Amino acid sequence: EIDFNALIQDTNIISTQIPDWCANYDTAFDDLTDFFKVKNLKGFGIDKDKLAIIASGCALYYVNNNFKGRINHIQSLSLLSENGILGLDSFTIKNLEIFQSLSNQGHHGTLIDTIDNTVTALGGRMLKKWLRRPLVSSRKINDRLDRVSEFLKDVESLHTIRAVLRETSDLERILGKVSTGKANARDILNIGITMSKIPLLEDIFNKNSKLRGLVNKFNKIHKLTKLIISTIQKDPPVSIKDGGFVSDGISKDLDDLRSLSRDASNWMLNMQELERNTNNIPSLKIGYNRVFGYYIEVTKVHIDKVPEHYIRKQTLTNSERYFTQELKEYEEKILSAKDKINELELNIFLDLQAKILKSTILIQKNAKVFGELDVLASLSLLAYNNDYTRPNINSSSEINIKNGRHPVVEDLLHDGEKFIPNDVVLNNKTKQIAIITGPNMAGKSTYLRQIGLIMILAQIGSYVPADKANIGIIDKLFTRVGASDNLAGGESTFLVEMNETANILNNATPNSLILLDEIGRGTSTYDGLSLAWAITEYIHNFKSVSAKTLFATHYHELVLLAEQLPRAINLNVAVKEYGNKIIFLKKIISGGADKSYGLHVAEMAGLPHAIIQRAKEILIQQNNLETNSENNAKLEIKTQMDLFTIKEDALQDELSKIDINDLTPLDALAKIDEIKKKHDL
């Protein structure tokens, strides 16, 4: 029995509890049909799926509870199905570093970081969705490739389109804000501005049939677009509380109140001039302060000229302040105008929001078209800038890539450096399994990863880093690359490795692609070799699995296995030897490697020379033991000197060579100083 509370605590998952009645089928059904205003759920394709209905009901309850009922922008629901989607498990997404780097736990050095040229948030999210869910339909993939090809035919238009897309906004995010009452005037205006780009894009794609078909998916809501742009001022304030965001000409009452507010100063000057002339009081003036409001001020010299309808308001040292009924009415009108302006503008804003929410589905569909245009333009720019080629997508079992390159590694190379490309040919009839041998650091893991990334790029509808690529569509991609452990979960490196391998063997099909790197290295040599051998045989012999497989290994004994299995081949990483030195050529060639070059790699890593020499002696003895048939053959144990002993021996050797009889006292002091510096004494 699983303790879910303990599991949640161990994995730091934030949980939210919901009432038991929420998970009741009848309750969920009633809630969903009531919310979407339908009689049944057949239109959503889940009418016979009770678990899907319960899950949807619980999700609706959670969202509604958190957003306090402001969820009108949710217009539909759909069943998330893996049909038509390339299967990518979490191990593969992690191992291929699609979204997160294994080395720095960030986005730098990932596939998404390398290929993402999108200029909108909509496009950025859609590209990530495509990478998580590549296609397995050759028709849909080729439709995307056709559109990328059309972009590449007219690079000038490509840059024009990207410039237009930069001026659009995140419609999906804004709709969420509108529904929850968190949108401001700028958000609403940005919807209108974004929608106003549709006719411009239609004109650009007018003569392009492939892209025209995509642009035709835009919903025509020109009336709402025009209303938004005409209603909201060009540069509205961030907050809607203080008004000032509705354009003139939208409401006569609003215009009159604004005119009143703007003309207050002129009105006061006109009234002041009129009262001076009427009452022959040249010093009369009309003023305003926050405490007493509007007033007429008359100096005491002219008090006898004050008319009877003036009402005393305040007495000062040298003057008296009055008001009239007319001035009082005007004051009330002016002071209430701002509140009325804010109220009118808010009502106009809410009415506009309601109209937008009624068109939510149309706007959401338009958002998807904007996002898809951005992704396709991004992939086109990627292909143009990086010399990618269009893959030939077909339904065969063959994967044939000529001069393929790792997109991320190639992108990270310094100026002047060139990535060494490699080929791969796999099929289910003659070359199902490729066993790749060669030393560490030679490029086996890079080779495996680049094949996986090329397959993903091809099946999202992207051009790929290769001279030529014939891609037989795969249904699932599995990887077992690198070593890691799960200390928090109590899992060793080897257990994690076996978990991932078991997942592969239990779920792979003949249409899958498996990338295995160093299976069995987390345990003893003979255990690891035995497992690697048996796993390879299993993939080859069991028809339910029999997936195309690339297996990189340091067990050179598996070279013999490739000779025994009819659909297995040997590949190795070319190495050039110059005396005791080696150079990794990073080139995959036919045949198995006859050496591991492990000691050479250790020497390149900087291990002390004494350790390398002793390792060579042990290696020679070990090889002799393996060829010696006598049971009493034993490995000679030699006490290995530590680094301090090595330094002491070197110092003693140098001291023994000094003839003290030939040294003057001054020469002896100089020699001692030289030895001290040489040996860091």
# chains A, B, ... in the order shown; residues from 1 in each chain; ligands from 1
call {"tool": "residues_around", "arguments": {"residues": "Leu571 in chain A", "least_positions_apart": "3", "cutoff": "8 Å", "atoms": "only C-alpha atoms", "output": "NGL selection string"}}
result
:A and (434-437 or 588-593)
call {"tool": "residues_around", "arguments": {"residues": "range 30-43 of chain A", "least_positions_apart": "4", "cutoff": "7 Å", "atoms": "only C-alpha atoms", "output": "compact mmCIF listing (two decimals) with all heavy atoms, in the first residue's frame"}}
result
# COMPACT_ATOMS: atom_id res chain seq x y z
N ASP A 26 -21.62 11.45 -10.74
CA ASP A 26 -22.85 12.20 -11.01
C ASP A 26 -22.65 13.70 -10.77
O ASP A 26 -23.11 14.55 -11.55
CB ASP A 26 -24.00 11.68 -10.15
CG ASP A 26 -24.42 10.27 -10.54
OD1 ASP A 26 -24.28 9.92 -11.74
OD2 ASP A 26 -24.85 9.51 -9.65
N ASP A 47 -17.88 11.14 -23.14
CA ASP A 47 -19.17 10.74 -22.56
C ASP A 47 -19.14 9.33 -21.97
O ASP A 47 -19.90 9.02 -21.05
CB ASP A 47 -20.27 10.84 -23.61
CG ASP A 47 -19.97 10.02 -24.86
OD1 ASP A 47 -18.89 10.23 -25.44
OD2 ASP A 47 -20.80 9.18 -25.24
N GLY A 57 -14.25 17.17 -13.76
CA GLY A 57 -15.06 17.82 -12.74
C GLY A 57 -14.23 18.35 -11.58
O GLY A 57 -14.45 19.46 -11.09
call {"tool": "closest_residue", "arguments": {"among": "A:Ile341, A:Leu327, A:Val306, A:Ile311", "to": "Tyr294 in chain A", "atoms": "only C-alpha atoms"}}
result
A:Leu327
call {"tool": "residues_around", "arguments": {"residues": "Arg567 in chain A", "least_positions_apart": "5", "cutoff": "10 Å", "atoms": "only C-alpha atoms", "output": "ChimeraX atom specification"}}
result
/A:426-434,540-541,546,548,562
call {"tool": "closest_residue", "arguments": {"among": "A:Lys676, A:Arg186, A:Arg147, A:Arg449", "to": "Leu214 in chain A", "atoms": "only C-alpha atoms"}}
result
A:Arg147
call {"tool": "residues_around", "arguments": {"residues": "Thr446 in chain A", "least_positions_apart": "5", "cutoff": "9 Å", "atoms": "only C-alpha atoms", "output": "MDAnalysis selection string"}}
result
chainID A and resid 406 409 451
call {"tool": "write_last_selection", "arguments": {"atoms": "all heavy atoms", "output": "PDB file, in the first residue's frame"}}
result
ATOM      1  N   HIS A 406      25.181  17.235 -34.195  1.00  0.00           N
ATOM      2  CA  HIS A 406      24.472  17.499 -32.938  1.00  0.00           C
ATOM      3  C   HIS A 406      24.114  18.978 -32.906  1.00  0.00           C
ATOM      4  O   HIS A 406      25.012  19.837 -32.865  1.00  0.00           O
ATOM      5  CB  HIS A 406      25.374  17.139 -31.754  1.00  0.00           C
ATOM      6  CG  HIS A 406      24.651  17.078 -30.438  1.00  0.00           C
ATOM      7  ND1 HIS A 406      24.022  18.175 -29.890  1.00  0.00           N
ATOM      8  CD2 HIS A 406      24.463  16.058 -29.558  1.00  0.00           C
ATOM      9  CE1 HIS A 406      23.478  17.831 -28.734  1.00  0.00           C
ATOM     10  NE2 HIS A 406      23.729  16.556 -28.507  1.00  0.00           N
ATOM     11  N   VAL A 409      25.646  20.931 -29.621  1.00  0.00           N
ATOM     12  CA  VAL A 409      27.113  20.973 -29.575  1.00  0.00           C
ATOM     13  C   VAL A 409      27.645  21.855 -30.696  1.00  0.00           C
ATOM     14  O   VAL A 409      28.564  22.661 -30.497  1.00  0.00           O
ATOM     15  CB  VAL A 409      27.702  19.549 -29.675  1.00  0.00           C
ATOM     16  CG1 VAL A 409      29.222  19.607 -29.756  1.00  0.00           C
ATOM     17  CG2 VAL A 409      27.263  18.708 -28.485  1.00  0.00           C
ATOM     18  N   ILE A 451      21.494  11.617 -32.845  1.00  0.00           N
ATOM     19  CA  ILE A 451      20.504  10.850 -33.595  1.00  0.00           C
ATOM     20  C   ILE A 451      19.123  11.064 -32.989  1.00  0.00           C
ATOM     21  O   ILE A 451      18.133  11.291 -33.695  1.00  0.00           O
ATOM     22  CB  ILE A 451      20.854   9.348 -33.602  1.00  0.00           C
ATOM     23  CG1 ILE A 451      22.247   9.121 -34.182  1.00  0.00           C
ATOM     24  CG2 ILE A 451      19.800   8.564 -34.380  1.00  0.00           C
ATOM     25  CD1 ILE A 451      22.448   9.669 -35.565  1.00  0.00           C
TER      26      ILE A 451
END
call {"tool": "residues_around", "arguments": {"residues": "range 87-91 of chain A", "least_positions_apart": "5", "cutoff": "7 Å", "atoms": "only C-alpha atoms", "output": "list in words"}}
result
Asp475, Lys476, Leu477, Phe478 and Thr479 of chain A
call {"tool": "closest_residue", "arguments": {"among": "A:Leu362, A:Lys177, A:Leu102, A:Glu297", "to": "Lys220 in chain A", "atoms": "only C-alpha atoms"}}
result
A:Leu362
call {"tool": "select_by_dssp", "arguments": {"residues": "range 70-143 of chain A", "states": "helix (DSSP H, G or I)", "output": "PyMOL selection string"}}
result
chain A and resi 90-95+111-115+121-132+138-143
call {"tool": "write_last_selection", "arguments": {"atoms": "N, CA and C atoms", "output": "mmCIF file, in the first residue's frame"}}
result
data_model
loop_
_atom_site.group_PDB
_atom_site.id
_atom_site.type_symbol
_atom_site.label_atom_id
_atom_site.label_comp_id
_atom_site.auth_asym_id
_atom_site.auth_seq_id
_atom_site.Cartn_x
_atom_site.Cartn_y
_atom_site.Cartn_z
ATOM 1 N N SER A 90 9.974 10.601 -19.473
ATOM 2 C CA SER A 90 10.720 11.625 -18.734
ATOM 3 C C SER A 90 12.218 11.384 -18.778
ATOM 4 N N PHE A 91 12.636 10.097 -18.816
ATOM 5 C CA PHE A 91 14.067 9.791 -18.889
ATOM 6 C C PHE A 91 14.661 10.339 -20.186
ATOM 7 N N THR A 92 13.941 10.146 -21.283
ATOM 8 C CA THR A 92 14.442 10.589 -22.590
ATOM 9 C C THR A 92 14.523 12.104 -22.666
ATOM 10 N N ILE A 93 13.484 12.782 -22.192
ATOM 11 C CA ILE A 93 13.480 14.248 -22.193
ATOM 12 C C ILE A 93 14.647 14.780 -21.363
ATOM 13 N N LYS A 94 14.927 14.118 -20.236
ATOM 14 C CA LYS A 94 16.039 14.540 -19.386
ATOM 15 C C LYS A 94 17.381 14.206 -20.025
ATOM 16 N N ASN A 95 17.542 12.965 -20.489
ATOM 17 C CA ASN A 95 18.829 12.516 -21.019
ATOM 18 C C ASN A 95 19.248 13.259 -22.278
ATOM 19 N N LEU A 111 18.338 21.814 -26.114
ATOM 20 C CA LEU A 111 17.795 21.886 -27.464
ATOM 21 C C LEU A 111 16.887 23.102 -27.620
ATOM 22 N N ILE A 112 16.029 23.365 -26.635
ATOM 23 C CA ILE A 112 15.108 24.496 -26.750
ATOM 24 C C ILE A 112 15.874 25.807 -26.819
ATOM 25 N N ASP A 113 16.975 25.912 -26.083
ATOM 26 C CA ASP A 113 17.791 27.122 -26.107
ATOM 27 C C ASP A 113 18.429 27.317 -27.478
ATOM 28 N N THR A 114 18.757 26.214 -28.137
ATOM 29 C CA THR A 114 19.446 26.271 -29.426
ATOM 30 C C THR A 114 18.504 26.621 -30.567
ATOM 31 N N ILE A 115 17.294 26.080 -30.566
ATOM 32 C CA ILE A 115 16.426 26.220 -31.737
ATOM 33 C C ILE A 115 15.345 27.274 -31.592
ATOM 34 N N ALA A 121 5.339 35.127 -26.951
ATOM 35 C CA ALA A 121 5.127 34.156 -25.874
ATOM 36 C C ALA A 121 4.270 32.992 -26.365
ATOM 37 N N LEU A 122 3.313 33.289 -27.247
ATOM 38 C CA LEU A 122 2.472 32.239 -27.818
ATOM 39 C C LEU A 122 3.317 31.232 -28.571
ATOM 40 N N GLY A 123 4.239 31.718 -29.392
ATOM 41 C CA GLY A 123 5.103 30.841 -30.165
ATOM 42 C C GLY A 123 6.059 30.060 -29.298
ATOM 43 N N GLY A 124 6.597 30.715 -28.269
ATOM 44 C CA GLY A 124 7.526 30.028 -27.369
ATOM 45 C C GLY A 124 6.873 28.851 -26.672
ATOM 46 N N ARG A 125 5.633 29.040 -26.191
ATOM 47 C CA ARG A 125 4.920 27.944 -25.532
ATOM 48 C C ARG A 125 4.579 26.834 -26.512
ATOM 49 N N MET A 126 4.186 27.220 -27.727
ATOM 50 C CA MET A 126 3.807 26.207 -28.721
ATOM 51 C C MET A 126 5.010 25.372 -29.138
ATOM 52 N N LEU A 127 6.178 25.988 -29.286
ATOM 53 C CA LEU A 127 7.375 25.231 -29.657
ATOM 54 C C LEU A 127 7.705 24.192 -28.588
ATOM 55 N N LYS A 128 7.587 24.566 -27.326
ATOM 56 C CA LYS A 128 7.824 23.609 -26.244
ATOM 57 C C LYS A 128 6.807 22.465 -26.306
ATOM 58 N N LYS A 129 5.579 22.802 -26.630
ATOM 59 C CA LYS A 129 4.539 21.772 -26.744
ATOM 60 C C LYS A 129 4.869 20.819 -27.882
ATOM 61 N N TRP A 130 5.336 21.350 -29.017
ATOM 62 C CA TRP A 130 5.710 20.502 -30.147
ATOM 63 C C TRP A 130 6.855 19.564 -29.777
ATOM 64 N N LEU A 131 7.822 20.081 -29.025
ATOM 65 C CA LEU A 131 8.972 19.250 -28.643
ATOM 66 C C LEU A 131 8.562 18.144 -27.672
ATOM 67 N N ARG A 132 7.597 18.420 -26.817
ATOM 68 C CA ARG A 132 7.117 17.382 -25.894
ATOM 69 C C ARG A 132 6.244 16.354 -26.604
ATOM 70 N N SER A 138 2.881 11.169 -41.065
ATOM 71 C CA SER A 138 3.733 11.723 -42.125
ATOM 72 C C SER A 138 3.022 12.884 -42.827
ATOM 73 N N ARG A 139 1.700 12.824 -42.954
ATOM 74 C CA ARG A 139 0.969 13.903 -43.603
ATOM 75 C C ARG A 139 1.072 15.200 -42.808
ATOM 76 N N LYS A 140 0.852 15.117 -41.494
ATOM 77 C CA LYS A 140 0.919 16.318 -40.662
ATOM 78 C C LYS A 140 2.341 16.872 -40.588
ATOM 79 N N ILE A 141 3.323 15.973 -40.489
ATOM 80 C CA ILE A 141 4.716 16.425 -40.446
ATOM 81 C C ILE A 141 5.089 17.131 -41.743
ATOM 82 N N ASN A 142 4.711 16.536 -42.876
ATOM 83 C CA ASN A 142 5.040 17.134 -44.175
ATOM 84 C C ASN A 142 4.299 18.442 -44.403
ATOM 85 N N ASP A 143 3.100 18.577 -43.823
ATOM 86 C CA ASP A 143 2.396 19.865 -43.906
ATOM 87 C C ASP A 143 3.221 20.960 -43.242
#
call {"tool": "decode", "arguments": {"residues": "range 495-586 of chain A", "atoms": "C-alpha atoms", "output": "PDB file, in the first residue's frame"}}
result
ATOM      1  CA  LEU A 495      19.243   0.747  -9.766  1.00  0.00           C
ATOM      2  CA  VAL A 496      18.324   3.928 -11.626  1.00  0.00           C
ATOM      3  CA  GLU A 497      20.037   2.497 -14.698  1.00  0.00           C
ATOM      4  CA  MET A 498      18.089  -0.758 -14.446  1.00  0.00           C
ATOM      5  CA  ASN A 499      14.787   1.092 -13.842  1.00  0.00           C
ATOM      6  CA  GLU A 500      15.263   3.065 -17.045  1.00  0.00           C
ATOM      7  CA  THR A 501      16.301  -0.045 -18.977  1.00  0.00           C
ATOM      8  CA  ALA A 502      13.288  -1.999 -17.715  1.00  0.00           C
ATOM      9  CA  ASN A 503      10.994   0.835 -18.809  1.00  0.00           C
ATOM     10  CA  ILE A 504      12.494   0.628 -22.291  1.00  0.00           C
ATOM     11  CA  LEU A 505      12.232  -3.143 -22.654  1.00  0.00           C
ATOM     12  CA  ASN A 506       8.662  -3.218 -21.349  1.00  0.00           C
ATOM     13  CA  ASN A 507       7.370  -0.493 -23.659  1.00  0.00           C
ATOM     14  CA  ALA A 508       9.416  -0.570 -26.879  1.00  0.00           C
ATOM     15  CA  THR A 509       7.882  -1.779 -30.143  1.00  0.00           C
ATOM     16  CA  PRO A 510       9.391  -2.712 -33.536  1.00  0.00           C
ATOM     17  CA  ASN A 511       8.717   0.890 -34.646  1.00  0.00           C
ATOM     18  CA  SER A 512      10.667   2.410 -31.740  1.00  0.00           C
ATOM     19  CA  LEU A 513      14.212   3.746 -31.539  1.00  0.00           C
ATOM     20  CA  ILE A 514      16.373   2.873 -28.516  1.00  0.00           C
ATOM     21  CA  LEU A 515      19.576   4.715 -27.583  1.00  0.00           C
ATOM     22  CA  LEU A 516      21.632   2.865 -24.961  1.00  0.00           C
ATOM     23  CA  ASP A 517      24.878   4.168 -23.497  1.00  0.00           C
ATOM     24  CA  GLU A 518      27.126   2.047 -21.278  1.00  0.00           C
ATOM     25  CA  ILE A 519      24.557  -0.384 -19.904  1.00  0.00           C
ATOM     26  CA  GLY A 520      25.847  -2.294 -16.880  1.00  0.00           C
ATOM     27  CA  ARG A 521      28.709  -0.060 -15.818  1.00  0.00           C
ATOM     28  CA  GLY A 522      27.126   0.557 -12.420  1.00  0.00           C
ATOM     29  CA  THR A 523      27.951  -2.967 -11.244  1.00  0.00           C
ATOM     30  CA  SER A 524      30.869  -5.398 -11.489  1.00  0.00           C
ATOM     31  CA  THR A 525      32.521  -5.954 -14.858  1.00  0.00           C
ATOM     32  CA  TYR A 526      31.253  -9.483 -15.387  1.00  0.00           C
ATOM     33  CA  ASP A 527      27.734  -8.710 -14.122  1.00  0.00           C
ATOM     34  CA  GLY A 528      27.593  -5.658 -16.366  1.00  0.00           C
ATOM     35  CA  LEU A 529      28.875  -7.521 -19.405  1.00  0.00           C
ATOM     36  CA  SER A 530      26.395 -10.341 -18.857  1.00  0.00           C
ATOM     37  CA  LEU A 531      23.469  -7.903 -18.574  1.00  0.00           C
ATOM     38  CA  ALA A 532      24.563  -5.914 -21.622  1.00  0.00           C
ATOM     39  CA  TRP A 533      24.896  -9.118 -23.638  1.00  0.00           C
ATOM     40  CA  ALA A 534      21.490 -10.465 -22.552  1.00  0.00           C
ATOM     41  CA  ILE A 535      19.723  -7.116 -23.134  1.00  0.00           C
ATOM     42  CA  THR A 536      21.123  -6.903 -26.659  1.00  0.00           C
ATOM     43  CA  GLU A 537      19.994 -10.446 -27.439  1.00  0.00           C
ATOM     44  CA  TYR A 538      16.527  -9.715 -26.014  1.00  0.00           C
ATOM     45  CA  ILE A 539      16.036  -6.623 -28.189  1.00  0.00           C
ATOM     46  CA  HIS A 540      17.204  -8.592 -31.219  1.00  0.00           C
ATOM     47  CA  ASN A 541      15.341 -11.846 -30.694  1.00  0.00           C
ATOM     48  CA  PHE A 542      11.953 -10.891 -29.244  1.00  0.00           C
ATOM     49  CA  LYS A 543       9.605  -9.807 -32.027  1.00  0.00           C
ATOM     50  CA  SER A 544       7.449  -7.785 -29.649  1.00  0.00           C
ATOM     51  CA  VAL A 545      10.449  -5.508 -29.037  1.00  0.00           C
ATOM     52  CA  SER A 546      12.921  -5.766 -31.977  1.00  0.00           C
ATOM     53  CA  ALA A 547      13.343  -1.980 -32.037  1.00  0.00           C
ATOM     54  CA  LYS A 548      16.052  -0.159 -33.947  1.00  0.00           C
ATOM     55  CA  THR A 549      18.854   0.282 -31.412  1.00  0.00           C
ATOM     56  CA  LEU A 550      22.137   2.134 -31.048  1.00  0.00           C
ATOM     57  CA  PHE A 551      24.173   0.618 -28.217  1.00  0.00           C
ATOM     58  CA  ALA A 552      27.362   2.400 -27.142  1.00  0.00           C
ATOM     59  CA  THR A 553      29.462   0.252 -24.826  1.00  0.00           C
ATOM     60  CA  HIS A 554      32.916  -0.089 -23.292  1.00  0.00           C
ATOM     61  CA  TYR A 555      32.541  -3.895 -23.226  1.00  0.00           C
ATOM     62  CA  HIS A 556      34.586  -4.879 -26.256  1.00  0.00           C
ATOM     63  CA  GLU A 557      33.408  -8.453 -25.861  1.00  0.00           C
ATOM     64  CA  LEU A 558      30.093  -7.352 -27.402  1.00  0.00           C
ATOM     65  CA  VAL A 559      31.895  -7.022 -30.727  1.00  0.00           C
ATOM     66  CA  LEU A 560      31.652 -10.825 -30.934  1.00  0.00           C
ATOM     67  CA  LEU A 561      27.897 -10.640 -30.275  1.00  0.00           C
ATOM     68  CA  ALA A 562      27.368  -8.506 -33.383  1.00  0.00           C
ATOM     69  CA  GLU A 563      28.938 -11.290 -35.404  1.00  0.00           C
ATOM     70  CA  GLN A 564      26.442 -13.803 -34.017  1.00  0.00           C
ATOM     71  CA  LEU A 565      23.228 -11.796 -34.431  1.00  0.00           C
ATOM     72  CA  PRO A 566      22.120 -11.464 -38.072  1.00  0.00           C
ATOM     73  CA  ARG A 567      20.622  -7.981 -37.697  1.00  0.00           C
ATOM     74  CA  ALA A 568      23.444  -6.507 -35.594  1.00  0.00           C
ATOM     75  CA  ILE A 569      26.445  -4.519 -36.846  1.00  0.00           C
ATOM     76  CA  ASN A 570      29.599  -3.161 -35.272  1.00  0.00           C
ATOM     77  CA  LEU A 571      30.564   0.507 -35.316  1.00  0.00           C
ATOM     78  CA  ASN A 572      33.454   2.233 -33.583  1.00  0.00           C
ATOM     79  CA  VAL A 573      34.917   5.680 -33.083  1.00  0.00           C
ATOM     80  CA  ALA A 574      38.051   6.221 -35.160  1.00  0.00           C
ATOM     81  CA  VAL A 575      41.245   6.863 -33.199  1.00  0.00           C
ATOM     82  CA  LYS A 576      44.641   7.915 -34.574  1.00  0.00           C
ATOM     83  CA  GLU A 577      47.771   6.783 -32.727  1.00  0.00           C
ATOM     84  CA  TYR A 578      51.054   8.701 -32.773  1.00  0.00           C
ATOM     85  CA  GLY A 579      53.550   6.739 -30.694  1.00  0.00           C
ATOM     86  CA  ASN A 580      52.161   6.760 -27.161  1.00  0.00           C
ATOM     87  CA  LYS A 581      49.667   9.507 -27.958  1.00  0.00           C
ATOM     88  CA  ILE A 582      46.143   9.227 -29.399  1.00  0.00           C
ATOM     89  CA  ILE A 583      43.829  11.635 -31.191  1.00  0.00           C
ATOM     90  CA  PHE A 584      40.064  11.154 -31.193  1.00  0.00           C
ATOM     91  CA  LEU A 585      38.821  11.738 -34.731  1.00  0.00           C
ATOM     92  CA  LYS A 586      35.145  11.852 -33.624  1.00  0.00           C
TER      93      LYS A 586
END
